[in-house]
>>> print(open('run-v6.pdb').read())   # PDB, C-alpha atoms and all ligand atoms
MODEL        1
ATOM      1  CA  MET T  13     171.081  89.304 121.871
ATOM      2  CA  GLU T  14     172.384  85.754 121.405
ATOM      3  CA  ASP T  15     173.381  86.519 117.825
ATOM      4  CA  PHE T  16     175.743  89.404 118.488
ATOM      5  CA  ARG T  17     177.692  91.402 121.063
ATOM      6  CA  LEU T  18     177.399  95.163 121.334
ATOM      7  CA  VAL T  19     180.130  97.695 122.041
ATOM      8  CA  PHE T  20     178.706 101.211 122.303
ATOM      9  CA  VAL T  21     181.166 104.121 122.029
ATOM     10  CA  GLY T  22     180.050 106.879 124.407
ATOM     11  CA  GLY T  23     181.227 110.377 125.275
ATOM     12  CA  MET T  24     180.890 113.677 123.476
ATOM     13  CA  GLY T  25     181.498 113.966 119.719
ATOM     14  CA  ARG T  26     184.900 115.407 118.674
ATOM     15  CA  SER T  27     186.657 113.645 121.517
ATOM     16  CA  GLY T  28     188.900 111.681 119.190
ATOM     17  CA  SER T  29     186.774 108.552 119.309
ATOM     18  CA  THR T  30     186.500 108.023 115.539
ATOM     19  CA  LEU T  31     190.048 106.735 115.259
ATOM     20  CA  ILE T  32     189.534 104.366 118.199
ATOM     21  CA  GLU T  33     186.289 103.142 116.654
ATOM     22  CA  ARG T  34     188.014 102.537 113.317
ATOM     23  CA  LEU T  35     190.853 100.665 115.022
ATOM     24  CA  LEU T  36     188.273  98.481 116.778
ATOM     25  CA  GLY T  37     186.803  97.725 113.363
ATOM     26  CA  GLU T  38     190.195  96.349 112.299
ATOM     27  CA  LEU T  39     190.080  93.661 114.993
ATOM     28  CA  PRO T  40     188.967  90.204 113.892
ATOM     29  CA  GLY T  41     185.339  89.552 114.799
ATOM     30  CA  MET T  42     184.403  93.229 115.054
ATOM     31  CA  CYS T  43     182.299  95.304 112.706
ATOM     32  CA  ALA T  44     182.428  99.102 113.230
ATOM     33  CA  VAL T  45     179.461 100.760 111.557
ATOM     34  CA  GLY T  46     179.757 104.421 112.572
ATOM     35  CA  GLU T  47     176.963 106.316 114.291
ATOM     36  CA  LEU T  48     173.792 104.299 113.829
ATOM     37  CA  VAL T  49     171.721 106.946 115.608
ATOM     38  CA  HIS T  50     171.961 108.996 112.402
ATOM     39  CA  LEU T  51     171.060 106.189 110.007
ATOM     40  CA  TRP T  52     167.332 107.012 110.035
ATOM     41  CA  ARG T  53     167.759 110.585 108.846
ATOM     42  CA  ARG T  54     171.084 110.665 107.019
ATOM     43  CA  GLY T  55     170.875 107.197 105.495
ATOM     44  CA  LEU T  56     167.192 106.577 104.841
ATOM     45  CA  VAL T  57     165.923 110.117 104.186
ATOM     46  CA  ASP T  58     168.907 112.025 102.797
ATOM     47  CA  ASP T  59     170.775 109.097 101.228
ATOM     48  CA  GLU T  60     174.147 110.388 102.409
ATOM     49  CA  SER T  61     177.425 108.583 101.689
ATOM     50  CA  CYS T  62     178.549 105.446 103.419
ATOM     51  CA  GLY T  63     182.180 105.198 104.564
ATOM     52  CA  CYS T  64     182.851 103.075 101.456
ATOM     53  CA  GLY T  65     182.042 106.088  99.256
ATOM     54  CA  ALA T  66     178.758 104.807  97.794
ATOM     55  CA  ALA T  67     175.441 106.503  98.523
ATOM     56  CA  PHE T  68     173.613 104.726 101.359
ATOM     57  CA  SER T  69     171.052 103.300  98.914
ATOM     58  CA  GLY T  70     173.840 102.137  96.599
ATOM     59  CA  CYS T  71     175.924 100.351  99.238
ATOM     60  CA  ALA T  72     175.604  96.580  98.928
ATOM     61  CA  PHE T  73     176.432  96.051 102.608
ATOM     62  CA  TRP T  74     173.638  98.289 103.889
ATOM     63  CA  LYS T  75     171.231  96.924 101.320
ATOM     64  CA  ASP T  76     171.793  93.421 102.673
ATOM     65  CA  VAL T  77     171.490  94.658 106.255
ATOM     66  CA  GLY T  78     168.138  96.279 105.440
ATOM     67  CA  VAL T  79     166.815  93.046 103.941
ATOM     68  CA  GLU T  80     168.100  90.953 106.820
ATOM     69  CA  ALA T  81     166.778  93.293 109.529
ATOM     70  CA  PHE T  82     163.463  94.476 108.111
ATOM     71  CA  GLY T  83     162.845  92.674 104.830
ATOM     72  CA  GLY T  84     164.161  95.804 103.030
ATOM     73  CA  TRP T  85     164.474  99.458 104.002
ATOM     74  CA  ASP T  86     161.311 100.290 102.069
ATOM     75  CA  ARG T  87     159.337  98.394 104.710
ATOM     76  CA  LEU T  88     160.153 101.174 107.189
ATOM     77  CA  ASP T  89     158.665 104.642 107.420
ATOM     78  CA  PRO T  90     161.689 106.759 108.358
ATOM     79  CA  HIS T  91     159.548 109.702 109.444
ATOM     80  CA  GLU T  92     157.629 107.523 111.857
ATOM     81  CA  ILE T  93     160.975 106.339 113.273
ATOM     82  CA  LEU T  94     162.224 109.919 113.549
ATOM     83  CA  ASP T  95     159.073 110.823 115.496
ATOM     84  CA  LEU T  96     159.590 107.859 117.803
ATOM     85  CA  LYS T  97     163.254 108.853 118.229
ATOM     86  CA  ALA T  98     162.227 112.424 119.101
ATOM     87  CA  SER T  99     159.857 111.044 121.745
ATOM     88  CA  VAL T 100     162.532 109.115 123.618
ATOM     89  CA  ASP T 101     166.135 109.618 122.425
ATOM     90  CA  ARG T 102     166.844 113.194 123.520
ATOM     91  CA  THR T 103     169.071 114.733 126.139
ATOM     92  CA  ARG T 104     166.045 116.136 127.990
ATOM     93  CA  PHE T 105     164.706 112.615 128.641
ATOM     94  CA  ILE T 106     167.931 111.398 130.237
ATOM     95  CA  PRO T 107     166.838 111.990 133.859
ATOM     96  CA  ASN T 108     163.729 109.815 133.224
ATOM     97  CA  LEU T 109     165.693 107.183 131.310
ATOM     98  CA  LEU T 110     168.158 106.771 134.156
ATOM     99  CA  ALA T 111     165.430 105.501 136.486
ATOM    100  CA  ARG T 112     165.649 101.822 137.364
ATOM    101  CA  GLU T 113     162.043 101.269 136.317
ATOM    102  CA  LEU T 114     160.393 103.308 133.583
ATOM    103  CA  PRO T 115     156.781 104.476 133.616
ATOM    104  CA  ASP T 116     154.724 102.219 131.283
ATOM    105  CA  GLU T 117     154.332 104.671 128.451
ATOM    106  CA  LEU T 118     158.033 105.536 128.280
ATOM    107  CA  ALA T 119     158.944 101.875 128.684
ATOM    108  CA  SER T 120     156.887 100.947 125.647
ATOM    109  CA  ARG T 121     158.480 103.681 123.535
ATOM    110  CA  VAL T 122     161.956 102.562 124.638
ATOM    111  CA  GLU T 123     161.001  98.988 123.784
ATOM    112  CA  ARG T 124     159.819  99.894 120.270
ATOM    113  CA  TYR T 125     162.792 102.187 119.648
ATOM    114  CA  THR T 126     165.483  99.776 120.818
ATOM    115  CA  GLU T 127     163.805  96.917 118.900
ATOM    116  CA  LEU T 128     164.926  98.718 115.726
ATOM    117  CA  TYR T 129     168.537  98.741 116.940
ATOM    118  CA  ASP T 130     168.333  95.150 118.096
ATOM    119  CA  ARG T 131     167.301  94.014 114.630
ATOM    120  CA  LEU T 132     169.979  96.213 113.055
ATOM    121  CA  TYR T 133     172.767  94.878 115.271
ATOM    122  CA  ALA T 134     171.770  91.277 114.635
ATOM    123  CA  ALA T 135     171.604  91.899 110.877
ATOM    124  CA  ILE T 136     174.979  93.685 110.843
ATOM    125  CA  ALA T 137     176.577  90.764 112.662
ATOM    126  CA  ARG T 138     175.073  88.251 110.234
ATOM    127  CA  VAL T 139     175.826  90.189 107.020
ATOM    128  CA  SER T 140     179.388  91.097 108.043
ATOM    129  CA  GLY T 141     180.109  87.702 109.580
ATOM    130  CA  GLN T 142     181.553  89.559 112.603
ATOM    131  CA  PRO T 143     179.782  88.793 115.888
ATOM    132  CA  THR T 144     180.686  92.045 117.689
ATOM    133  CA  VAL T 145     179.057  95.258 116.493
ATOM    134  CA  VAL T 146     180.688  98.596 117.362
ATOM    135  CA  ASP T 147     178.079 101.380 117.398
ATOM    136  CA  ALA T 148     179.778 104.777 117.739
ATOM    137  CA  SER T 149     176.531 106.708 118.172
ATOM    138  CA  LYS T 150     177.835 108.253 121.421
ATOM    139  CA  HIS T 151     174.547 110.010 122.328
ATOM    140  CA  ALA T 152     174.054 109.453 126.031
ATOM    141  CA  SER T 153     170.277 109.302 125.618
ATOM    142  CA  LEU T 154     170.578 106.345 123.216
ATOM    143  CA  ALA T 155     172.986 104.592 125.589
ATOM    144  CA  ALA T 156     170.456 105.120 128.376
ATOM    145  CA  CYS T 157     167.692 103.581 126.206
ATOM    146  CA  LEU T 158     169.821 100.585 125.244
ATOM    147  CA  ARG T 159     170.680  99.921 128.885
ATOM    148  CA  HIS T 160     167.021  99.072 129.507
ATOM    149  CA  ARG T 161     167.164  96.380 126.819
ATOM    150  CA  TYR T 162     170.642  94.942 127.316
ATOM    151  CA  GLY T 163     171.769  95.827 130.855
ATOM    152  CA  ASP T 164     175.118  94.214 131.585
ATOM    153  CA  ARG T 165     175.158  92.419 128.217
ATOM    154  CA  MET T 166     176.314  95.574 126.384
ATOM    155  CA  ARG T 167     179.662  97.290 126.844
ATOM    156  CA  ILE T 168     180.342 100.995 126.806
ATOM    157  CA  LEU T 169     183.679 102.410 125.758
ATOM    158  CA  HIS T 170     183.584 105.929 127.153
ATOM    159  CA  VAL T 171     186.049 108.299 125.455
ATOM    160  CA  VAL T 172     186.555 111.591 127.283
ATOM    161  CA  ARG T 173     188.690 114.568 126.263
ATOM    162  CA  ASP T 174     189.631 117.934 127.732
ATOM    163  CA  PRO T 175     186.436 120.048 127.465
ATOM    164  CA  ARG T 176     188.387 123.021 126.080
ATOM    165  CA  ALA T 177     189.648 120.943 123.159
ATOM    166  CA  VAL T 178     186.155 119.572 122.539
ATOM    167  CA  ALA T 179     184.477 123.002 122.736
ATOM    168  CA  HIS T 180     187.090 124.403 120.345
ATOM    169  CA  SER T 181     186.314 121.690 117.835
ATOM    170  CA  TRP T 182     182.575 122.357 118.107
ATOM    171  CA  SER T 183     183.191 126.083 117.460
ATOM    172  CA  ARG T 184     184.827 125.532 114.076
ATOM    173  CA  ARG T 185     183.184 125.511 110.675
ATOM    174  CA  VAL T 186     183.720 122.137 109.062
ATOM    175  CA  PRO T 187     182.021 121.109 105.811
ATOM    176  CA  ARG T 188     180.305 117.712 105.738
ATOM    177  CA  PRO T 189     181.621 115.820 102.705
ATOM    178  CA  ASP T 190     178.754 113.359 103.080
ATOM    179  CA  ALA T 191     175.936 115.923 102.776
ATOM    180  CA  THR T 192     173.535 115.577  99.856
ATOM    181  CA  GLY T 193     171.236 118.230  98.387
ATOM    182  CA  THR T 194     168.447 117.446 100.863
ATOM    183  CA  SER T 195     170.656 117.209 103.968
ATOM    184  CA  PRO T 196     169.590 119.833 106.487
ATOM    185  CA  GLU T 197     173.175 119.963 107.756
ATOM    186  CA  GLN T 198     175.628 121.002 105.067
ATOM    187  CA  GLU T 199     178.294 121.668 107.696
ATOM    188  CA  MET T 200     179.143 119.852 110.918
ATOM    189  CA  ALA T 201     176.973 121.199 113.741
ATOM    190  CA  ARG T 202     178.472 124.064 115.752
ATOM    191  CA  TYR T 203     177.976 124.871 119.428
ATOM    192  CA  SER T 204     178.795 128.008 121.388
ATOM    193  CA  PRO T 205     181.380 127.452 124.150
ATOM    194  CA  ALA T 206     178.576 127.603 126.754
ATOM    195  CA  ARG T 207     176.372 125.068 124.968
ATOM    196  CA  ALA T 208     179.351 122.774 124.317
ATOM    197  CA  SER T 209     180.160 122.899 128.047
ATOM    198  CA  VAL T 210     176.647 121.859 129.083
ATOM    199  CA  GLN T 211     176.584 119.097 126.484
ATOM    200  CA  TRP T 212     180.085 117.889 127.458
ATOM    201  CA  THR T 213     178.944 117.526 131.038
ATOM    202  CA  ALA T 214     175.790 115.577 130.140
ATOM    203  CA  GLU T 215     177.458 113.282 127.617
ATOM    204  CA  ASN T 216     180.241 112.372 130.045
ATOM    205  CA  VAL T 217     178.268 112.091 133.273
ATOM    206  CA  VAL T 218     175.773 109.619 131.813
ATOM    207  CA  PRO T 219     178.236 106.840 130.888
ATOM    208  CA  ALA T 220     179.567 107.034 134.447
ATOM    209  CA  LEU T 221     176.005 106.715 135.802
ATOM    210  CA  LEU T 222     175.249 103.780 133.502
ATOM    211  CA  ALA T 223     178.394 102.098 134.796
ATOM    212  CA  ARG T 224     176.929 102.424 138.285
ATOM    213  CA  ARG T 225     173.718 100.857 136.967
ATOM    214  CA  GLY T 226     175.768  97.794 136.068
ATOM    215  CA  VAL T 227     176.754  98.343 132.421
ATOM    216  CA  PRO T 228     180.383  97.225 131.936
ATOM    217  CA  THR T 229     182.165 100.446 131.034
ATOM    218  CA  MET T 230     185.753 101.384 130.275
ATOM    219  CA  ARG T 231     186.765 105.011 130.369
ATOM    220  CA  VAL T 232     189.571 106.183 128.091
ATOM    221  CA  ARG T 233     191.002 109.660 128.215
ATOM    222  CA  TYR T 234     191.921 110.825 124.704
ATOM    223  CA  GLU T 235     195.114 112.391 126.060
ATOM    224  CA  ASP T 236     196.218 109.047 127.553
ATOM    225  CA  PHE T 237     195.405 107.233 124.328
ATOM    226  CA  VAL T 238     197.495 109.564 122.140
ATOM    227  CA  ALA T 239     200.374 109.480 124.640
ATOM    228  CA  GLU T 240     200.614 105.669 124.562
ATOM    229  CA  PRO T 241     198.459 104.442 121.687
ATOM    230  CA  LEU T 242     199.740 100.863 121.594
ATOM    231  CA  ARG T 243     199.395 100.173 125.303
ATOM    232  CA  MET T 244     196.042 101.939 125.593
ATOM    233  CA  PHE T 245     194.628 100.196 122.560
ATOM    234  CA  GLN T 246     195.721  96.834 123.930
ATOM    235  CA  GLU T 247     193.679  97.618 127.046
ATOM    236  CA  ILE T 248     190.688  98.682 124.959
ATOM    237  CA  ALA T 249     190.922  95.535 122.843
ATOM    238  CA  GLY T 250     191.020  93.432 126.016
ATOM    239  CA  PHE T 251     187.902  95.182 127.302
ATOM    240  CA  VAL T 252     185.954  94.279 124.152
ATOM    241  CA  GLY T 253     187.099  90.681 124.416
ATOM    242  CA  HIS T 254     190.004  90.577 121.968
ATOM    243  CA  ARG T 255     193.142  88.652 122.835
ATOM    244  CA  GLY T 256     196.301  88.814 120.750
ATOM    245  CA  GLU T 257     197.748  91.203 118.215
ATOM    246  CA  VAL T 258     196.353  94.688 117.743
ATOM    247  CA  PRO T 259     196.533  96.640 114.466
ATOM    248  CA  ILE T 260     198.788  99.407 115.738
ATOM    249  CA  GLY T 261     202.570  99.677 115.901
ATOM    250  CA  ALA T 262     204.815 100.718 118.785
ATOM    251  CA  ASP T 263     205.271 104.082 117.011
ATOM    252  CA  GLY T 264     201.487 104.635 116.989
ATOM    253  CA  THR T 265     201.082 103.890 113.277
ATOM    254  CA  ALA T 266     198.107 101.919 112.054
ATOM    255  CA  HIS T 267     196.700 100.946 108.701
ATOM    256  CA  LEU T 268     193.002 101.569 108.155
ATOM    257  CA  TRP T 269     190.917  99.828 105.526
ATOM    258  CA  SER T 270     187.741 101.423 104.299
ATOM    259  CA  GLY T 271     184.549 100.380 106.025
ATOM    260  CA  HIS T 272     180.815 100.992 105.937
ATOM    261  CA  ALA T 273     180.473 103.593 108.679
ATOM    262  CA  VAL T 274     177.040 105.035 108.051
ATOM    263  CA  SER T 275     177.597 108.440 109.605
ATOM    264  CA  GLY T 276     180.106 110.304 111.702
ATOM    265  CA  ASN T 277     183.301 112.279 111.532
ATOM    266  CA  PRO T 278     184.605 112.925 107.972
ATOM    267  CA  MET T 279     187.659 110.917 109.046
ATOM    268  CA  ARG T 280     185.605 107.802 108.372
ATOM    269  CA  PHE T 281     186.236 108.222 104.633
ATOM    270  CA  SER T 282     190.019 108.006 104.968
ATOM    271  CA  SER T 283     191.949 104.806 104.566
ATOM    272  CA  GLY T 284     195.611 103.888 104.488
ATOM    273  CA  PRO T 285     198.310 104.508 107.080
ATOM    274  CA  VAL T 286     197.595 106.891 109.963
ATOM    275  CA  THR T 287     199.742 107.913 112.894
ATOM    276  CA  VAL T 288     198.109 108.597 116.232
ATOM    277  CA  ARG T 289     199.179 111.995 117.506
ATOM    278  CA  GLU T 290     197.656 114.560 119.789
ATOM    279  CA  ASP T 291     195.714 117.411 118.189
ATOM    280  CA  THR T 292     196.614 120.477 120.251
ATOM    281  CA  ALA T 293     195.232 123.140 117.876
ATOM    282  CA  TRP T 294     192.892 124.399 120.593
ATOM    283  CA  ARG T 295     195.748 125.682 122.769
ATOM    284  CA  GLU T 296     196.549 128.450 120.254
ATOM    285  CA  GLY T 297     193.340 128.457 118.252
ATOM    286  CA  PHE T 298     190.686 128.755 120.988
ATOM    287  CA  ALA T 299     190.332 132.266 122.478
ATOM    288  CA  TYR T 300     191.602 132.334 126.059
ATOM    289  CA  ARG T 301     188.344 133.853 127.353
ATOM    290  CA  HIS T 302     186.484 130.902 125.829
ATOM    291  CA  GLN T 303     188.889 128.472 127.453
ATOM    292  CA  LEU T 304     188.208 130.123 130.809
ATOM    293  CA  LEU T 305     184.456 130.025 130.282
ATOM    294  CA  VAL T 306     184.507 126.333 129.378
ATOM    295  CA  SER T 307     186.758 125.547 132.340
ATOM    296  CA  ALA T 308     184.361 127.324 134.696
ATOM    297  CA  LEU T 309     181.205 125.738 133.278
ATOM    298  CA  THR T 310     182.495 122.165 133.287
ATOM    299  CA  VAL T 311     183.456 122.116 136.978
ATOM    300  CA  PRO T 312     183.094 119.796 138.853
ATOM    301  CA  THR T 313     182.659 117.113 136.192
ATOM    302  CA  ARG T 314     186.023 117.809 134.595
ATOM    303  CA  TRP T 315     187.766 117.327 137.955
ATOM    304  CA  ARG T 316     186.305 113.874 138.137
ATOM    305  CA  PHE T 317     188.019 112.971 134.868
ATOM    306  CA  GLY T 318     191.298 114.683 135.782
ATOM    307  CA  TYR T 319     191.025 117.914 133.794
TER     308      TYR T 319
HETATM  309 ZN    ZN R 401     179.169 101.053 102.267
ENDMDL
END
>>> encode(input="run-v6.pdb", output="structure tokens")
Amino acid sequence: MEDFRLVFVGGMGRSGSTLIERLLGELPGMCAVGELVHLWRRGLVDDESCGCGAAFSGCAFWKDVGVEAFGGWDRLDPHEILDLKASVDRTRFIPNLLARELPDELASRVERYTELYDRLYAAIARVSGQPTVVDASKHASLAACLRHRYGDRMRILHVVRDPRAVAHSWSRRVPRPDATGTSPEQEMARYSPARASVQWTAENVVPALLARRGVPTMRVRYEDFVAEPLRMFQEIAGFVGHRGEVPIGADGTAHLWSGHAVSGNPMRFSSGPVTVREDTAWREGFAYRHQLLVSALTVPTRWRFGY
């Protein structure tokens, strides 16, 4: 890991982390590449769009990264990687992955799986010329795998948001502009309020546990970030090692340039000026009985984060 530094964005999807990740990518020395956990399927198999608008196979940045990391993407068998991923990077393996020492067989799978990421991160840093890689994969199981390789040399930025807002977002139908004809997911995944509650708990408890295992972790509540975007982003930038100016104004306005985020929220395709403001659609748009259900199912974890 001498060649790069890793910032892993954790927490549950739809917690407002995409904007924070994109802002991090605007800092000098940082390269934000979206959710690398999806590269194997959505990039290599389905050839979905990069954040720059090109198909994955047509993006010069990712082409160079593939050559640098593996001697070319065609040297990899994506289905073999997806099988390896399914054998280690899943929510159900988290209890095993949190152990201090892994049983030999699991340890060797974690080693082989994280080796792929290690090569990717190093290649991204070299091709972009930016030494810090921001991986917004979020999946707690991947964070738990990476902890075994990097320990206190990685950093986790844990973004947490009110579970009712998150569950509301997961209940909505949203098309995926990046889907291609072969993509199994033509829309963003949807979860029932009950499933979203269980997932919210797992995805937010794990970063806190990894922090206790010694991984430097900063927790950011989405609601605090949108209330004071400049001050909060200054703190975040300090956590990832940046000193000096940040690309956001006192009024919460920022300018985003397009990047090469490989997968993630459709917001990764937008560029130009954006203003940070709270999305409160769930308060009116999410049925009250669902709000109550989510509130009940996410106790006591939500108390811990002040919700
Ligand atoms: Zn691109």
>>> atom_distance(input="run-v6.pdb", atom1="atom CA of T:Arg26", atom2="atom CA of T:Arg280")
12.8 Å
>>> atom_distance(input="run-v6.pdb", atom1="atom CA of T:Glu117", atom2="atom CA of T:Arg161")
15.4 Å
>>> closest_atom_pairs(input="run-v6.pdb", of="chain T", to="ligand ZN 401 (chain R)", cutoff="8 Å", atoms="all atoms listed in the file", output="JSON lines")
{"residue": "T:Ser61", "atom": "CA", "partner": "R:ZN401", "partner_atom": "ZN", "distance": 7.8}
{"residue": "T:Cys62", "atom": "CA", "partner": "R:ZN401", "partner_atom": "ZN", "distance": 4.6}
{"residue": "T:Gly63", "atom": "CA", "partner": "R:ZN401", "partner_atom": "ZN", "distance": 5.6}
{"residue": "T:Cys64", "atom": "CA", "partner": "R:ZN401", "partner_atom": "ZN", "distance": 4.3}
{"residue": "T:Gly65", "atom": "CA", "partner": "R:ZN401", "partner_atom": "ZN", "distance": 6.5}
{"residue": "T:Ala66", "atom": "CA", "partner": "R:ZN401", "partner_atom": "ZN", "distance": 5.9}
{"residue": "T:Ala67", "atom": "CA", "partner": "R:ZN401", "partner_atom": "ZN", "distance": 7.6}
{"residue": "T:Phe68", "atom": "CA", "partner": "R:ZN401", "partner_atom": "ZN", "distance": 6.7}
{"residue": "T:Gly70", "atom": "CA", "partner": "R:ZN401", "partner_atom": "ZN", "distance": 7.9}
{"residue": "T:Cys71", "atom": "CA", "partner": "R:ZN401", "partner_atom": "ZN", "distance": 4.5}
{"residue": "T:Ala72", "atom": "CA", "partner": "R:ZN401", "partner_atom": "ZN", "distance": 6.6}
{"residue": "T:Phe73", "atom": "CA", "partner": "R:ZN401", "partner_atom": "ZN", "distance": 5.7}
{"residue": "T:Trp74", "atom": "CA", "partner": "R:ZN401", "partner_atom": "ZN", "distance": 6.4}
{"residue": "T:Gly271", "atom": "CA", "partner": "R:ZN401", "partner_atom": "ZN", "distance": 6.6}
{"residue": "T:His272", "atom": "CA", "partner": "R:ZN401", "partner_atom": "ZN", "distance": 4.0}
{"residue": "T:Ala273", "atom": "CA", "partner": "R:ZN401", "partner_atom": "ZN", "distance": 7.0}
{"residue": "T:Val274", "atom": "CA", "partner": "R:ZN401", "partner_atom": "ZN", "distance": 7.3}
>>> residues_around(input="run-v6.pdb", residues="T:Val100", least_positions_apart="6", cutoff="10 Å", atoms="all atoms listed in the file", output="PyMOL selection string")
chain T and resi 106+108-109+118-119+121-122+125+153-154+157
>>> resolve_selection(input="run-v6.pdb", expression="the PyMOL selection byres (((chain T and resi 302) around 9) and not hetatm)", output="list in words")
Arg176, Ala179, His180, Pro205, Ala206, Phe298, Ala299, Tyr300, Arg301, Gln303, Leu304, Leu305, Val306 and Ser307 of chain T
>>> resolve_selection(input="run-v6.pdb", expression="the PyMOL selection byres (((chain T and resi 42-54) around 7) and not hetatm)", output="list in words")
Glu33, Arg34, Leu36, Gly37, Leu39, Pro40, Gly41, Gly55, Leu56, Val57, Asp58, Asp59, Glu60, Pro90, Leu94, Ser140, Gln142, Pro143, Thr144, Val145, Val146, Asp147, Ala148, Ser149, His272, Ala273, Val274, Ser275 and Gly276 of chain T
>>> closest_residue(input="run-v6.pdb", among="T:Asn216, T:Gln198, T:Thr126, T:Ser270", to="T:Gly22", atoms="all atoms listed in the file")
T:Asn216
>>> resolve_selection(input="run-v6.pdb", expression="the PyMOL selection byres (((chain T and resi 164-166) around 9) and not hetatm)", output="PyMOL selection string")
chain T and resi 13+17-20+158-159+162-163+167-168+225-229
>>> residues_around(input="run-v6.pdb", residues="T:Leu268", least_positions_apart="4", cutoff="9 Å", atoms="all atoms listed in the file", output="ChimeraX atom specification")
/T:34-35,37-38,259,282-286
>>> write_last_selection(input="run-v6.pdb", atoms="C-alpha atoms", output="JSON list (two decimals), in the coordinates of the input")
[["chain", "number", "residue", "atom", "x", "y", "z"],
["T", 34, "ARG", "CA", 188.01, 102.54, 113.32],
["T", 35, "LEU", "CA", 190.85, 100.66, 115.02],
["T", 37, "GLY", "CA", 186.80, 97.72, 113.36],
["T", 38, "GLU", "CA", 190.20, 96.35, 112.30],
["T", 259, "PRO", "CA", 196.53, 96.64, 114.47],
["T", 282, "SER", "CA", 190.02, 108.01, 104.97],
["T", 283, "SER", "CA", 191.95, 104.81, 104.57],
["T", 284, "GLY", "CA", 195.61, 103.89, 104.49],
["T", 285, "PRO", "CA", 198.31, 104.51, 107.08],
["T", 286, "VAL", "CA", 197.60, 106.89, 109.96]]
>>> atom_distance(input="run-v6.pdb", atom1="atom CA of T:Pro312", atom2="atom CA of T:Ala220")
14.0 Å
>>> closest_residue(input="run-v6.pdb", among="T:Met24, T:Val232, T:Ile93, T:Leu88", to="T:Ser209", atoms="all atoms listed in the file")
T:Met24
>>> residues_around(input="run-v6.pdb", residues="T:Gly264", least_positions_apart="6", cutoff="6 Å", atoms="all atoms listed in the file", output="list in words")
Pro241, Thr287 and Val288 of chain T
>>> closest_residue(input="run-v6.pdb", among="T:Phe281, T:Arg173, T:Arg202, T:Thr313", to="T:Gly28", atoms="all atoms listed in the file")
T:Arg173
>>> residues_around(input="run-v6.pdb", residues="T:Gly256", least_positions_apart="4", cutoff="10 Å", atoms="all atoms listed in the file", output="NGL selection string")
:T and (39 or 246 or 249-250)
>>> residues_around(input="run-v6.pdb", residues="T:Val171", least_positions_apart="5", cutoff="6 Å", atoms="only C-alpha atoms", output="VMD selection string")
chain T and resid 23 231 to 233
>>> closest_residue(input="run-v6.pdb", among="T:Arg188, T:Val178, T:Arg112, T:Lys75", to="T:Leu132", atoms="all atoms listed in the file")
T:Lys75
>>> decode(input="run-v6.pdb", residues="stretch 21-33 of chain T", atoms="N, CA and C atoms", output="compact mmCIF listing (two decimals), in the first residue's frame")
# COMPACT_ATOMS: atom_id res chain seq x y z
N VAL T 21 -15.71 4.83 1.55
CA VAL T 21 -16.96 5.44 2.03
C VAL T 21 -17.91 4.33 2.44
N GLY T 22 -18.29 4.31 3.72
CA GLY T 22 -19.16 3.27 4.25
C GLY T 22 -20.52 3.82 4.63
N GLY T 23 -21.42 2.91 5.02
CA GLY T 23 -22.78 3.29 5.36
C GLY T 23 -23.73 2.65 4.37
N MET T 24 -25.01 2.93 4.50
CA MET T 24 -25.97 2.32 3.59
C MET T 24 -26.20 3.20 2.38
N GLY T 25 -26.35 2.61 1.20
CA GLY T 25 -26.65 3.37 -0.01
C GLY T 25 -27.85 4.27 0.20
N ARG T 26 -27.93 5.36 -0.57
CA ARG T 26 -29.02 6.35 -0.48
C ARG T 26 -28.96 7.13 0.83
N SER T 27 -27.77 7.28 1.36
CA SER T 27 -27.62 8.09 2.57
C SER T 27 -27.05 9.46 2.25
N GLY T 28 -27.01 9.79 0.98
CA GLY T 28 -26.49 11.11 0.59
C GLY T 28 -24.98 11.14 0.45
N SER T 29 -24.36 9.96 0.34
CA SER T 29 -22.90 9.94 0.32
C SER T 29 -22.31 10.26 -1.05
N THR T 30 -23.12 10.16 -2.12
CA THR T 30 -22.55 10.38 -3.46
C THR T 30 -22.01 11.80 -3.61
N LEU T 31 -22.77 12.77 -3.08
CA LEU T 31 -22.29 14.15 -3.20
C LEU T 31 -20.99 14.35 -2.41
N ILE T 32 -20.92 13.76 -1.23
CA ILE T 32 -19.69 13.88 -0.42
C ILE T 32 -18.52 13.24 -1.15
N GLU T 33 -18.78 12.07 -1.73
CA GLU T 33 -17.73 11.37 -2.48
C GLU T 33 -17.26 12.22 -3.67
